[in-house]
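In what follows, a single structure is set out as structure tokens and then discussed.
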There are 2 protein chains.
Amino acid sequence: MRRLYHVPLCPYCRKIRVALREKQLVFELVEVQPWAAEDWFLELNPAGEAPVLVDEDLVICDSRAIEEYLEEAYPQSSLFGGSLEQRAETRRLVAWFDSKFAREVSDPLWREKVVKRWKRAGFPSSEAVRKGAQAIRLHLAYIDWLWQERKWLAGDRLTMADIAAAAHLSVLDYLGDVPWGEFQGARDWYAKMKSRPSFRPILADRVVGITPPAHYDDPDF
Amino acid sequence: MRRLYHVPLCPYCRKIRVALREKQLVFELVEVQPWAAEDWFLELNPAGEAPVLVDEDLVICDSRAIEEYLEEAYPQSSLFGGSLEQRAETRRLVAWFDSKFAREVSDPLWREKVVKRWKRAGFPSSEAVRKGAQAIRLHLAYIDWLWQERKWLAGDRLTMADIAAAAHLSVLDYLGDVPWGEFQGARDWYAKMKSRPSFRPILADRVVGITPPAHYDDPDF
């Protein structure tokens, strides 16, 4: 049985959960606490990070490595697109969300508010939270702009770009940190993502001690 | 003509310069200053980051997107390896250096000492520099350990894993921040990287105002 070791409120793990479902690959979810640094988990991934995918006897670590693996091992219903140009555009936007958005928004909001709590590493830095709340507006405006030109973020079809963006935003939306009202295009795009069957299990996650806002799992928010 | 927009003392740009040379692809180098945020560069890459590769009429942004593109467009002399397992191991280690090593070592040392200077964003945080100098030892020990088991970091052949690791270490070595003396295996591996023709142009770079240590470009250091 294919097995994904994951943390529920983690954008990188959510990205792979959605990708596996979009490719209609059956898998079992195992929740882990990477910050506990248990020996069995470090043996699986010496970097001590989730997600980790175990597929038959193959162990694949790192979310971008996992999505490239899925594309090579299961080329049906590609999540990168066909042409070299389309694939470059998909990967550019995956990097946008997993690196730039992560650094400017997810790190100052999610890492400060959630990961620090998991690690019992103190309280969120209010300066970081303020900066993250400011930066998210630029990124939502960029999604608005892409959405005006395209059916999906990287072009005519759903790709890993949409999945990466929605995975990050879903975590921030759980925290009530996405000012959807100001960005109608981004909101319409995210509503389309929310209504996909691959996305429903993500929206059903609940984390002890943090309650999401009422609109969180409503596709018609 | 293939063209790479780069910053000389940047690990991600160095990674792509070496990869292009290992694949024997001819290219022209154009030095950029992404922090100047010039319009023409933001049009090329809205993220405002180097490296950017322009290959015929295709623009590819983000170093991991570029290396995946090179692998797909020019499959000869693969830098990822053949089997799914080998490719997963290569990508795991690329992620190790481009994410974990970057966060724990390159960001606190290179970003603090060099990038801040470029951006005129103040002086390095001495706490960050101290933490980076501590963390690099764990990573050199990990290279030592891989090197005992393998001919190259990800197995029997040179891959993007070696190139990513060496690109980061070359920048830190320029700053005199690598305690090679304590890690003989890592040193032997890096000497092998330094003697490759693909690596020589990197070692010839000089940056105004920062002088590398005497051993920096000596393969028999």
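Letters A, B, ... mark the chains of the structure tokens in the order given; residue numbers begin at 1 per chain; ligand numbers begin at 1, in order shown.
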
Long-range neighbours of segment 19-31 of chain B as number ranges by chain, 12 Å cut-off, only C-alpha atoms, 6 positions minimum in chain: B: 1-10, 12-13, 41, 50-56, 63-64, 66-71, 73-80, 158-164, 166-167, 193, 196-202, 205, 207

Export of the given selection (C-alpha atoms) as a short mmCIF file (atom, residue, chain, number, x, y, z; two decimals), in the first residue's frame:
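The resulting file, part.cif, is shown below:
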```cif
data_model
loop_
_atom_site.label_atom_id
_atom_site.label_comp_id
_atom_site.auth_asym_id
_atom_site.auth_seq_id
_atom_site.Cartn_x
_atom_site.Cartn_y
_atom_site.Cartn_z
CA MET B 1 22.34 31.88 -28.34
CA ARG B 2 21.40 30.32 -24.99
CA ARG B 3 21.70 32.96 -22.27
CA LEU B 4 21.92 32.70 -18.49
CA TYR B 5 21.11 35.74 -16.36
CA HIS B 6 23.07 35.30 -13.18
CA VAL B 7 24.68 36.76 -10.08
CA PRO B 8 28.29 35.56 -9.69
CA LEU B 9 28.36 34.83 -5.95
CA CYS B 10 24.93 33.10 -5.85
CA TYR B 12 21.57 28.83 -7.29
CA CYS B 13 23.15 30.56 -10.30
CA PHE B 41 14.32 41.99 -15.60
CA ALA B 50 18.21 34.96 -10.71
CA PRO B 51 19.00 32.56 -12.33
CA VAL B 52 16.89 32.91 -15.47
CA LEU B 53 17.72 30.82 -18.54
CA VAL B 54 16.65 31.92 -22.00
CA ASP B 55 16.87 29.07 -24.50
CA GLU B 56 15.69 30.07 -27.99
CA SER B 63 17.00 27.02 -10.52
CA ARG B 64 15.10 23.81 -9.82
CA ILE B 66 15.83 25.11 -14.94
CA GLU B 67 17.57 21.86 -13.97
CA GLU B 68 14.38 19.86 -14.62
CA TYR B 69 14.04 21.63 -17.98
CA LEU B 70 17.64 20.80 -18.93
CA GLU B 71 17.02 17.16 -18.04
CA ALA B 73 15.15 19.10 -23.15
CA TYR B 74 18.67 17.59 -23.24
CA PRO B 75 18.42 14.08 -21.81
CA GLN B 76 21.98 13.21 -22.91
CA SER B 77 24.46 12.94 -20.02
CA SER B 78 21.68 12.95 -17.44
CA LEU B 79 22.42 14.72 -14.18
CA PHE B 80 19.63 12.93 -12.31
CA LEU B 158 28.03 12.72 -10.49
CA THR B 159 24.51 14.17 -10.24
CA MET B 160 22.75 17.45 -9.52
CA ALA B 161 23.16 16.54 -5.83
CA ASP B 162 26.93 17.09 -6.05
CA ILE B 163 26.46 20.21 -8.13
CA ALA B 164 23.96 21.73 -5.68
CA ALA B 166 29.29 22.23 -4.28
CA ALA B 167 27.57 25.40 -5.50
CA MET B 193 34.45 18.77 -7.74
CA ARG B 196 36.27 19.37 -12.94
CA PRO B 197 36.49 21.67 -15.97
CA SER B 198 32.82 22.64 -15.40
CA PHE B 199 33.78 24.11 -12.04
CA ARG B 200 36.81 26.17 -13.04
CA PRO B 201 34.93 29.26 -14.29
CA ILE B 202 33.08 29.49 -10.96
CA ASP B 205 34.86 34.79 -10.26
CA VAL B 207 33.62 40.06 -6.34
#
```

Between chain A and chain B, at 9 Å or less, what are the per-residue closest atom pairs and their distances in Å? Count only C-alpha atoms, order by chain and rising residue number, and return it as a Markdown table.
```
| residue | atom | partner | partner_atom | distance |
| --- | --- | --- | --- | --- |
| A:Ala47 | CA | B:Trp96 | CA | 7.1 |
| A:Leu58 | CA | B:Glu85 | CA | 6.6 |
| A:Val59 | CA | B:Ala88 | CA | 8.0 |
| A:Ile60 | CA | B:Ala88 | CA | 5.8 |
| A:Cys61 | CA | B:Arg92 | CA | 5.7 |
| A:Asp62 | CA | B:Arg92 | CA | 6.1 |
| A:Arg64 | CA | B:Ala95 | CA | 8.0 |
| A:Ala65 | CA | B:Arg91 | CA | 5.4 |
| A:Ile66 | CA | B:Ala88 | CA | 7.7 |
| A:Glu68 | CA | B:Ala88 | CA | 8.6 |
| A:Tyr69 | CA | B:Ala88 | CA | 6.8 |
| A:Glu72 | CA | B:Leu84 | CA | 7.8 |
| A:Ala73 | CA | B:Leu84 | CA | 7.4 |
| A:Leu84 | CA | B:Tyr69 | CA | 7.1 |
| A:Glu85 | CA | B:Leu58 | CA | 6.6 |
| A:Arg87 | CA | B:Tyr69 | CA | 7.9 |
| A:Ala88 | CA | B:Ile60 | CA | 5.9 |
| A:Glu89 | CA | B:Ile60 | CA | 7.6 |
| A:Thr90 | CA | B:Ala65 | CA | 8.8 |
| A:Arg91 | CA | B:Ala65 | CA | 5.4 |
| A:Arg92 | CA | B:Cys61 | CA | 5.7 |
| A:Val94 | CA | B:Ala65 | CA | 8.9 |
| A:Ala95 | CA | B:Asp62 | CA | 6.7 |
| A:Trp96 | CA | B:Ala47 | CA | 7.1 |
| A:Lys100 | CA | B:Ala47 | CA | 7.6 |
```

Gap from atom CA of Tyr216 of chain B to atom CA of Tyr174 of chain B - Å, one decimal: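 Distance reported for this atom pair: 6.2 Å.
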
Distance in Å - atom CA of His168 of chain B versus atom CA of Pro11 of chain B: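 These two atoms are separated by 4.7 Å.
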
Shell around segment 104-118 of chain A at 9 Å using only C-alpha atoms, local window under 2 positions removed, as a PyMOL selection string: chain A and resi 9-11+33+35+99-102+120-136+139+168-169+171-172+175+177

For those residues, write N, CA, C and O atoms to a file as a short mmCIF file (atom, residue, chain, number, x, y, z; two decimals), in the first residue's frame.
```
data_model
loop_
_atom_site.label_atom_id
_atom_site.label_comp_id
_atom_site.auth_asym_id
_atom_site.auth_seq_id
_atom_site.Cartn_x
_atom_site.Cartn_y
_atom_site.Cartn_z
N LEU A 9 -1.75 20.24 8.92
CA LEU A 9 -1.83 21.67 8.58
C LEU A 9 -0.50 22.15 7.97
O LEU A 9 0.03 23.18 8.36
N CYS A 10 0.03 21.39 6.99
CA CYS A 10 1.31 21.74 6.37
C CYS A 10 1.09 21.90 4.87
O CYS A 10 0.58 20.99 4.21
N PRO A 11 1.45 23.06 4.30
CA PRO A 11 1.18 23.29 2.87
C PRO A 11 1.84 22.27 1.95
O PRO A 11 1.25 21.86 0.95
N GLN A 33 4.84 13.72 13.54
CA GLN A 33 5.25 14.97 14.19
C GLN A 33 6.76 15.09 13.99
O GLN A 33 7.54 14.69 14.88
N TRP A 35 8.88 17.29 14.27
CA TRP A 35 9.66 18.00 15.29
C TRP A 35 9.99 17.12 16.49
O TRP A 35 10.85 17.47 17.29
N SER A 99 8.60 28.78 -2.69
CA SER A 99 9.78 29.54 -2.22
C SER A 99 9.41 30.98 -1.86
O SER A 99 9.54 31.38 -0.71
N LYS A 100 8.97 31.74 -2.86
CA LYS A 100 8.75 33.18 -2.63
C LYS A 100 7.56 33.42 -1.68
O LYS A 100 7.68 34.10 -0.67
N PHE A 101 6.41 32.84 -2.03
CA PHE A 101 5.23 32.97 -1.16
C PHE A 101 5.55 32.39 0.23
O PHE A 101 5.17 32.96 1.25
N ALA A 102 6.24 31.27 0.25
CA ALA A 102 6.60 30.63 1.52
C ALA A 102 7.41 31.60 2.38
O ALA A 102 7.12 31.81 3.56
N ARG A 120 6.79 24.06 20.56
CA ARG A 120 6.85 24.76 21.86
C ARG A 120 8.04 25.73 21.87
O ARG A 120 8.85 25.77 22.79
N ALA A 121 8.10 26.51 20.78
CA ALA A 121 9.23 27.42 20.59
C ALA A 121 8.83 28.86 20.82
O ALA A 121 9.38 29.78 20.22
N GLY A 122 7.84 29.07 21.67
CA GLY A 122 7.49 30.45 22.03
C GLY A 122 6.34 31.02 21.22
O GLY A 122 5.67 30.30 20.48
N PHE A 123 6.13 32.31 21.37
CA PHE A 123 4.99 32.99 20.75
C PHE A 123 5.36 33.57 19.39
O PHE A 123 6.54 33.81 19.13
N PRO A 124 4.34 33.80 18.54
CA PRO A 124 4.62 34.39 17.23
C PRO A 124 5.22 35.79 17.36
O PRO A 124 4.84 36.54 18.26
N SER A 125 6.16 36.10 16.48
CA SER A 125 6.71 37.46 16.44
C SER A 125 5.68 38.36 15.79
O SER A 125 5.24 38.11 14.66
N SER A 126 5.27 39.42 16.51
CA SER A 126 4.20 40.26 15.95
C SER A 126 4.69 41.00 14.72
O SER A 126 3.92 41.29 13.81
N GLU A 127 5.99 41.27 14.64
CA GLU A 127 6.50 41.96 13.45
C GLU A 127 6.41 41.04 12.23
O GLU A 127 6.02 41.47 11.15
N ALA A 128 6.78 39.76 12.42
CA ALA A 128 6.69 38.81 11.31
C ALA A 128 5.24 38.69 10.83
O ALA A 128 4.95 38.77 9.63
N VAL A 129 4.31 38.54 11.78
CA VAL A 129 2.90 38.39 11.44
C VAL A 129 2.39 39.62 10.67
O VAL A 129 1.68 39.50 9.67
N ARG A 130 2.81 40.79 11.08
CA ARG A 130 2.41 42.02 10.40
C ARG A 130 2.94 42.04 8.97
O ARG A 130 2.22 42.35 8.01
N LYS A 131 4.20 41.65 8.81
CA LYS A 131 4.80 41.63 7.47
C LYS A 131 4.11 40.60 6.57
O LYS A 131 3.86 40.86 5.39
N GLY A 132 3.80 39.43 7.12
CA GLY A 132 3.13 38.39 6.34
C GLY A 132 1.76 38.84 5.88
O GLY A 132 1.36 38.61 4.73
N ALA A 133 1.04 39.51 6.79
CA ALA A 133 -0.31 39.97 6.47
C ALA A 133 -0.29 41.03 5.37
O ALA A 133 -1.23 41.15 4.58
N GLN A 134 0.81 41.79 5.32
CA GLN A 134 0.96 42.79 4.26
C GLN A 134 1.30 42.10 2.94
O GLN A 134 0.71 42.39 1.90
N ALA A 135 2.27 41.18 3.00
CA ALA A 135 2.79 40.55 1.77
C ALA A 135 1.73 39.70 1.07
O ALA A 135 1.73 39.60 -0.16
N ILE A 136 0.81 39.10 1.82
CA ILE A 136 -0.16 38.21 1.18
C ILE A 136 -0.98 38.97 0.13
O ILE A 136 -1.39 38.40 -0.88
N HIS A 139 0.54 38.89 -3.32
CA HIS A 139 0.42 37.57 -3.96
C HIS A 139 -1.01 37.32 -4.43
O HIS A 139 -1.21 36.73 -5.50
N HIS A 168 -0.92 26.22 0.01
CA HIS A 168 -0.47 27.28 0.92
C HIS A 168 -1.66 28.11 1.42
O HIS A 168 -1.80 28.36 2.61
N LEU A 169 -2.51 28.52 0.47
CA LEU A 169 -3.62 29.40 0.87
C LEU A 169 -4.60 28.69 1.80
O LEU A 169 -5.19 29.30 2.69
N VAL A 171 -3.95 26.61 4.15
CA VAL A 171 -3.43 26.65 5.52
C VAL A 171 -3.64 28.05 6.12
O VAL A 171 -4.07 28.20 7.26
N LEU A 172 -3.37 29.08 5.32
CA LEU A 172 -3.55 30.44 5.83
C LEU A 172 -5.02 30.76 6.02
O LEU A 172 -5.40 31.51 6.93
N LEU A 175 -6.27 29.67 9.23
CA LEU A 175 -5.89 30.61 10.30
C LEU A 175 -6.66 31.94 10.21
O LEU A 175 -6.45 32.84 11.03
N ASP A 177 -6.36 34.12 7.77
CA ASP A 177 -5.40 35.14 7.36
C ASP A 177 -5.49 35.55 5.89
O ASP A 177 -4.56 36.18 5.38
#
```
